[in-house]
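Here's protein09.txt, which has compact mmCIF, C-alpha atoms:
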# COMPACT_ATOMS: atom_id res chain seq x y z
CA MET A 1 -159.45 10.29 -19.63
CA GLY A 2 -159.94 13.04 -22.18
CA GLU A 3 -157.31 14.00 -24.70
CA GLN A 4 -155.10 16.92 -23.89
CA SER A 5 -155.81 20.04 -25.93
CA GLY A 6 -152.12 20.81 -26.49
CA PRO A 7 -148.58 20.05 -25.42
CA THR A 8 -147.48 20.56 -21.83
CA LEU A 9 -145.27 23.64 -21.72
CA ILE A 10 -142.86 24.52 -18.92
CA GLN A 11 -143.31 28.21 -18.21
CA SER A 12 -139.94 28.68 -16.51
CA VAL A 13 -138.18 27.35 -19.62
CA GLN A 14 -140.15 29.72 -21.83
CA ARG A 15 -139.24 32.64 -19.58
CA ALA A 16 -135.55 31.72 -19.54
CA LEU A 17 -135.46 31.48 -23.33
CA ARG A 18 -137.15 34.86 -23.61
CA LEU A 19 -134.49 36.41 -21.36
CA LEU A 20 -131.79 35.07 -23.67
CA GLU A 21 -133.61 36.53 -26.67
CA VAL A 22 -133.85 39.95 -25.07
CA VAL A 23 -130.15 40.01 -24.15
CA ALA A 24 -129.31 39.15 -27.76
CA GLU A 25 -131.72 41.78 -29.09
CA ARG A 26 -130.13 44.52 -26.98
CA GLU A 27 -126.71 44.23 -28.61
CA GLY A 28 -125.80 41.34 -26.34
CA ARG A 29 -125.89 43.28 -23.06
CA ALA A 30 -128.64 44.28 -20.60
CA HIS A 31 -129.32 44.82 -16.88
CA ALA A 32 -131.70 42.75 -14.77
CA LYS A 33 -134.31 45.50 -14.32
CA GLU A 34 -134.26 46.19 -18.05
CA LEU A 35 -134.74 42.49 -18.79
CA ALA A 36 -137.56 42.18 -16.27
CA ARG A 37 -139.43 45.09 -17.87
CA ALA A 38 -138.90 43.78 -21.38
CA THR A 39 -140.18 40.30 -20.52
CA GLY A 40 -142.93 41.36 -18.11
CA LEU A 41 -141.43 39.27 -15.31
CA PRO A 42 -141.39 40.21 -11.63
CA LEU A 43 -137.88 41.30 -10.74
CA PRO A 44 -137.31 38.46 -8.20
CA THR A 45 -138.34 35.90 -10.83
CA ALA A 46 -136.01 37.49 -13.38
CA TYR A 47 -133.14 37.38 -10.89
CA HIS A 48 -133.71 33.66 -10.19
CA LEU A 49 -133.73 32.82 -13.89
CA LEU A 50 -130.71 35.02 -14.62
CA ARG A 51 -128.78 33.38 -11.81
CA THR A 52 -129.56 29.93 -13.23
CA LEU A 53 -128.65 30.93 -16.79
CA THR A 54 -125.40 32.42 -15.51
CA HIS A 55 -124.50 29.32 -13.53
CA GLU A 56 -125.11 27.13 -16.59
CA GLY A 57 -122.97 29.40 -18.78
CA TYR A 58 -125.69 30.74 -21.08
CA LEU A 59 -125.26 34.21 -19.61
CA GLN A 60 -122.36 35.97 -17.92
CA ARG A 61 -122.76 38.69 -15.29
CA LEU A 62 -120.31 41.58 -15.57
CA ASP A 63 -119.00 43.75 -12.73
CA ASP A 64 -121.46 46.54 -13.53
CA GLY A 65 -124.40 44.16 -13.01
CA SER A 66 -125.24 43.76 -16.69
CA TYR A 67 -125.63 40.42 -18.41
CA VAL A 68 -124.04 39.28 -21.68
CA LEU A 69 -124.34 36.04 -23.62
CA GLY A 70 -122.18 33.32 -22.07
CA HIS A 71 -119.77 30.70 -23.33
CA ARG A 72 -122.44 28.00 -23.72
CA ILE A 73 -124.05 30.01 -26.51
CA ASP A 74 -120.94 29.37 -28.60
CA VAL A 75 -121.47 25.64 -28.14
CA VAL A 76 -125.09 25.90 -29.24
CA ARG A 77 -124.09 27.97 -32.26
CA SER A 78 -121.37 25.54 -33.28
CA HIS A 79 -121.86 22.56 -35.52
CA GLY A 80 -123.68 19.63 -33.97
CA THR A 81 -120.72 17.28 -34.31
CA ALA A 82 -118.50 19.66 -32.35
CA ALA A 83 -121.12 19.99 -29.63
CA ARG A 84 -121.41 16.21 -29.37
CA GLY A 85 -117.64 16.00 -29.07
CA VAL A 86 -117.69 18.36 -26.11
CA ALA A 87 -120.43 16.26 -24.51
CA ARG A 88 -118.31 13.11 -24.99
CA ALA A 89 -115.37 14.88 -23.35
CA ARG A 90 -117.29 15.64 -20.15
CA PRO A 91 -116.20 12.45 -18.30
CA ALA A 92 -112.55 13.26 -19.02
CA LEU A 93 -113.07 16.86 -17.90
CA GLU A 94 -114.80 15.69 -14.72
CA TRP A 95 -111.91 13.31 -14.01
CA LEU A 96 -109.45 16.18 -14.36
CA ARG A 97 -111.53 18.44 -12.11
CA ASP A 98 -111.46 15.78 -9.39
CA GLU A 99 -107.73 15.14 -9.82
CA LEU A 100 -106.89 18.83 -9.55
CA CYS A 101 -109.67 19.76 -7.11
CA SER A 102 -110.33 22.76 -9.33
CA ALA A 103 -112.74 23.85 -12.04
CA VAL A 104 -111.40 23.06 -15.51
CA TYR A 105 -111.88 25.03 -18.71
CA LEU A 106 -111.86 23.84 -22.33
CA ALA A 107 -111.23 26.44 -25.03
CA ARG A 108 -111.19 26.17 -28.83
CA HIS A 109 -110.17 28.27 -31.81
CA VAL A 110 -113.45 28.59 -33.74
CA ASP A 111 -113.96 30.71 -36.86
CA GLY A 112 -111.02 32.92 -36.02
CA GLU A 113 -112.04 33.45 -32.39
CA ILE A 114 -110.89 31.88 -29.12
CA VAL A 115 -113.88 30.79 -27.06
CA ILE A 116 -114.50 28.71 -23.95
CA VAL A 117 -116.68 25.78 -24.97
CA GLU A 118 -117.01 24.07 -21.60
CA ILE A 119 -116.44 24.69 -17.90
CA ILE A 120 -116.62 21.80 -15.44
CA ASP A 121 -116.96 22.80 -11.81
CA SER A 122 -118.70 21.66 -8.64
CA PRO A 123 -119.63 23.11 -5.24
CA ARG A 124 -116.24 21.87 -3.98
CA ALA A 125 -114.41 23.31 -6.99
CA PRO A 126 -116.30 26.45 -8.10
CA ARG A 127 -115.40 28.38 -11.23
CA ILE A 128 -114.02 31.90 -11.09
CA ASP A 129 -115.94 34.82 -12.55
CA LEU A 130 -114.70 35.61 -16.06
CA TRP A 131 -115.01 39.35 -15.69
CA VAL A 132 -113.60 39.81 -19.19
CA GLY A 133 -114.50 37.24 -21.84
CA ILE A 134 -111.58 35.18 -23.15
CA HIS A 135 -112.22 36.47 -26.68
CA HIS A 136 -111.03 39.85 -25.37
CA ALA A 137 -108.31 38.47 -23.07
CA ALA A 138 -106.54 35.59 -24.82
CA HIS A 139 -103.24 37.41 -24.39
CA ALA A 140 -103.69 37.43 -20.61
CA THR A 141 -104.86 33.85 -20.06
CA ALA A 142 -103.06 30.53 -20.15
CA LEU A 143 -105.92 29.09 -22.23
CA GLY A 144 -105.52 31.81 -24.83
CA LYS A 145 -101.74 31.67 -24.94
CA ALA A 146 -101.79 27.89 -25.38
CA ILE A 147 -103.99 28.35 -28.46
CA LEU A 148 -102.10 31.35 -29.87
CA ALA A 149 -98.89 29.32 -29.71
CA GLN A 150 -100.44 26.64 -31.93
CA LEU A 151 -101.66 28.97 -34.67
CA PRO A 152 -99.63 29.53 -37.84
CA ALA A 153 -97.93 32.93 -37.72
CA PRO A 154 -100.33 34.59 -40.23
CA ASP A 155 -103.38 33.40 -38.26
CA ARG A 156 -101.86 34.53 -34.97
CA GLU A 157 -101.03 37.97 -36.38
CA ASP A 158 -104.53 38.28 -37.80
CA TYR A 159 -106.04 37.43 -34.42
CA LEU A 160 -103.86 39.90 -32.53
CA ALA A 161 -104.56 42.63 -35.10
CA ARG A 162 -108.29 42.25 -34.42
CA HIS A 163 -108.01 42.05 -30.62
CA PRO A 164 -106.34 44.89 -28.69
CA LEU A 165 -104.07 43.76 -25.88
CA HIS A 166 -106.01 45.21 -22.96
CA ASP A 167 -104.09 46.04 -19.77
CA LEU A 168 -106.04 43.99 -17.19
CA THR A 169 -103.54 43.92 -14.31
CA PRO A 170 -100.06 45.32 -13.63
CA HIS A 171 -98.72 41.96 -14.86
CA THR A 172 -100.52 41.87 -18.22
CA VAL A 173 -98.23 41.84 -21.25
CA VAL A 174 -99.57 44.37 -23.75
CA ASP A 175 -96.60 44.54 -26.12
CA ARG A 176 -97.08 42.19 -29.05
CA ARG A 177 -93.40 41.32 -29.34
CA ARG A 178 -93.05 40.51 -25.65
CA LEU A 179 -96.20 38.42 -25.83
CA GLY A 180 -94.71 36.41 -28.69
CA ASP A 181 -91.65 35.68 -26.57
CA ARG A 182 -93.87 34.42 -23.73
CA LEU A 183 -95.93 31.99 -25.78
CA PRO A 184 -95.17 28.39 -24.82
CA ALA A 185 -93.11 26.07 -27.00
CA PRO A 186 -95.05 23.26 -28.73
CA GLY A 187 -96.53 20.95 -26.11
CA ALA A 188 -95.27 23.08 -23.21
CA LEU A 189 -97.27 24.49 -20.33
CA ALA A 190 -98.87 27.91 -20.80
CA VAL A 191 -98.91 30.11 -17.71
CA ASP A 192 -101.00 33.07 -16.62
CA ASP A 193 -99.17 34.54 -13.63
CA GLU A 194 -101.74 37.08 -12.34
CA GLU A 195 -102.05 38.56 -15.84
CA TYR A 196 -105.85 38.17 -16.05
CA ALA A 197 -106.69 38.91 -12.41
CA VAL A 198 -104.53 39.80 -9.41
CA GLY A 199 -104.11 36.84 -7.07
CA VAL A 200 -105.23 34.32 -9.71
CA CYS A 201 -103.01 32.11 -11.84
CA CYS A 202 -103.89 29.65 -14.56
CA LEU A 203 -102.08 26.76 -16.21
CA ALA A 204 -103.05 25.26 -19.58
CA VAL A 205 -101.85 22.75 -22.15
CA PRO A 206 -102.75 22.40 -25.83
CA VAL A 207 -105.54 20.15 -27.05
CA THR A 208 -105.07 19.60 -30.76
CA THR A 209 -107.59 17.80 -32.95
CA LYS A 210 -108.37 17.59 -36.65
CA ASP A 211 -110.76 20.51 -36.12
CA GLY A 212 -107.99 22.84 -35.00
CA ALA A 213 -106.31 24.27 -31.94
CA GLY A 214 -107.69 24.05 -28.44
CA SER A 215 -106.51 24.20 -24.86
CA LEU A 216 -107.35 22.78 -21.47
CA GLY A 217 -106.61 24.63 -18.25
CA PHE A 218 -107.45 25.29 -14.64
CA VAL A 219 -107.14 28.09 -12.12
CA ALA A 220 -104.45 27.77 -9.46
CA SER A 221 -103.04 29.80 -6.63
CA PRO A 222 -99.71 31.58 -7.19
CA ALA A 223 -98.09 29.06 -4.82
CA ALA A 224 -99.16 26.19 -7.12
CA LEU A 225 -96.84 27.45 -9.84
CA ARG A 226 -93.95 25.93 -7.89
CA ARG A 227 -95.48 22.50 -8.63
CA ARG A 228 -95.99 23.16 -12.32
CA ALA A 229 -94.02 20.11 -13.46
CA ALA A 230 -96.31 17.70 -11.60
CA LEU A 231 -99.40 19.67 -12.59
CA ARG A 232 -98.33 19.57 -16.23
CA GLN A 233 -98.33 15.75 -16.15
CA THR A 234 -101.90 15.67 -14.83
CA LEU A 235 -103.08 18.31 -17.29
CA SER A 236 -101.44 16.52 -20.21
CA ALA A 237 -103.11 13.24 -19.23
CA GLY A 238 -106.46 15.03 -19.17
CA ALA A 239 -105.75 16.71 -22.49
CA SER A 240 -105.02 13.36 -24.14
CA ARG A 241 -108.36 11.97 -22.92
CA VAL A 242 -110.23 15.08 -24.07
CA ALA A 243 -108.57 15.05 -27.50
CA ARG A 244 -109.59 11.42 -28.03
CA ALA A 245 -113.21 12.22 -27.09
CA LEU A 246 -113.33 15.23 -29.40
CA THR A 247 -112.06 13.26 -32.40
CA LEU A 248 -114.36 10.25 -32.08
CA GLU A 249 -116.76 9.93 -35.00
How would this structure read if it were set down as structure tokens?
Amino acid sequence: MGEQSGPTLIQSVQRALRLLEVVAEREGRAHAKELARATGLPLPTAYHLLRTLTHEGYLQRLDDGSYVLGHRIDVVRSHGTAARGVARARPALEWLRDELCSAVYLARHVDGEIVIVEIIDSPRAPRIDLWVGIHHAAHATALGKAILAQLPAPDREDYLARHPLHDLTPHTVVDRRRLGDRLPAPGALAVDDEEYAVGVCCLAVPVTTKDGAGSLGFVASPAALRRRAALRQTLSAGASRVARALTLE
């Protein structure tokens, strides 16, 4: 057998990476047709790749059909140790998903921003569409409120000064003082009662490590809020497992 002239390259991977580059080049936002033209891809091929990148969290599709960089990019950008910690936490996150029969979300406070670093879902427990990124909606999500409650007052005020409290639903709290009153006590359950999206609720608990504040949550129906005490026990058990995985050397 003759020697190969070069490495074997997977064209679909190259194309997917190029799509990510183009989204980043265009101020982090672009439509499918625009991306197909920029990369020279047939539109159906671009759609297939975009759908895959969106499912894996490297892109996020907004309501207007445009694509922005997704939560997984934050993991790639972060320090390698932190990324390995998230990978080690996956079994605990998968356990919690199966216990709750719901997709679970892990968020962290990183470089002054609140970002989702992992989403664990399955065909039986699909994720919801994050139509507004958590970095613009921490005040309206249980994940965000659980982290804001952990921050020292100066850090919390700095974060809120840099992030307007957008009115996402009729239930969203947009007054900074009222929001402060609704932040959970240390170790308590954070609740989003249709504040991010009508008909959708979320529960979260803190996940604190030596690297800073974090939170772990899941999406629930409004009726599930009546069982919040039992759900808090399950969430807290998952949070303890995740915290141990994140702090392993």
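Distance annotation: of A:Thr234, A:Thr141, A:Thr39, A:Thr247, the residue with the minimal separation from A:Val173 is A:Thr141; atom set is only C-alpha atoms.
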Just to confirm, what's the straight-line distance from atom CA of A:Thr54 to atom CA of A:His139 in Å (one decimal)?
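Here the two named atoms are 24.4 Å from each other.
With all atoms listed in the file as the atoms that count, the minimum distance from A:Pro152 to the choices A:Ala243, A:Val174, A:Leu53, A:Ala213 is reached by A:Ala213.
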For the interface of stretch 20-122 of chain A with stretch 189-202 of chain A (cut-off 12 Å, counting all atoms listed in the file), please tabulate each contacting residue of stretch 20-122 of chain A alongside its nearest pair of atoms and their separation in Å to one decimal, rows sorted by chain and increasing number, as CSV.
residue,atom,partner,partner_atom,distance
A:Ser102,CA,A:Cys202,CA,10.8
A:Ala103,CA,A:Cys202,CA,10.9
A:Val104,CA,A:Cys202,CA,10.0
A:Tyr105,CA,A:Cys202,CA,10.1
Gap from atom CA of A:Gln233 to atom CA of A:Ala137 - Å, one decimal
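That distance, rounded to one decimal, is 25.8 Å.
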Between A:Asp175, A:Asp121, A:Glu34, A:Asp181, which residue has the minimum interatomic distance to A:Ala149, considering only C-alpha atoms?
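When distances to A:Ala149 are compared using only C-alpha atoms, the smallest one comes from A:Asp181.
Residues surrounding A:Arg37 within 12 Å are Arg18, Leu19, Val22, Ala30, His31, Leu43, Pro44, Thr45 and Ala46 of chain A [only C-alpha atoms; sequence separation below 6 positions excluded].
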So, with all atoms listed in the file as the atoms that count, which of A:Ile10, A:Ala224, A:Leu231, A:Leu168 lies closest to A:Ala188?
A:Leu231
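Nearest to A:Glu99 of all the residues A:Leu216, A:Leu235, A:Leu148, A:Leu50 is A:Leu235, based on only C-alpha atoms.
Atom CA of A:Ala138 is positioned 20.9 Å from atom CA of A:Val242.
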Excluding A:Ser240 and residues on its chain fewer than 5 positions from it, collect all residues at most 12 Å away from it, counting all atoms listed in the file, and give them as a PDB file with C-alpha atoms, keeping the file's coordinate frame.
ATOM      1  CA  ALA A  89    -115.370  14.880 -23.350  1.00  0.00           C
ATOM      2  CA  ALA A  92    -112.550  13.260 -19.020  1.00  0.00           C
ATOM      3  CA  LEU A  93    -113.070  16.860 -17.900  1.00  0.00           C
ATOM      4  CA  LEU A  96    -109.450  16.180 -14.360  1.00  0.00           C
ATOM      5  CA  GLY A 187     -96.530  20.950 -26.110  1.00  0.00           C
ATOM      6  CA  VAL A 205    -101.850  22.750 -22.150  1.00  0.00           C
ATOM      7  CA  PRO A 206    -102.750  22.400 -25.830  1.00  0.00           C
ATOM      8  CA  VAL A 207    -105.540  20.150 -27.050  1.00  0.00           C
ATOM      9  CA  THR A 208    -105.070  19.600 -30.760  1.00  0.00           C
ATOM     10  CA  THR A 209    -107.590  17.800 -32.950  1.00  0.00           C
ATOM     11  CA  GLY A 214    -107.690  24.050 -28.440  1.00  0.00           C
ATOM     12  CA  SER A 215    -106.510  24.200 -24.860  1.00  0.00           C
ATOM     13  CA  LEU A 216    -107.350  22.780 -21.470  1.00  0.00           C
ATOM     14  CA  GLN A 233     -98.330  15.750 -16.150  1.00  0.00           C
ATOM     15  CA  THR A 234    -101.900  15.670 -14.830  1.00  0.00           C
ATOM     16  CA  LEU A 235    -103.080  18.310 -17.290  1.00  0.00           C
ATOM     17  CA  ALA A 245    -113.210  12.220 -27.090  1.00  0.00           C
ATOM     18  CA  LEU A 246    -113.330  15.230 -29.400  1.00  0.00           C
ATOM     19  CA  THR A 247    -112.060  13.260 -32.400  1.00  0.00           C
TER      20      THR A 247
END
So, with all atoms listed in the file as the atoms that count, which of A:Ala24, A:Ala239, A:Ile134, A:Ala87 lies closest to A:Glu113?
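Closest residue, counting all atoms listed in the file: A:Ile134.
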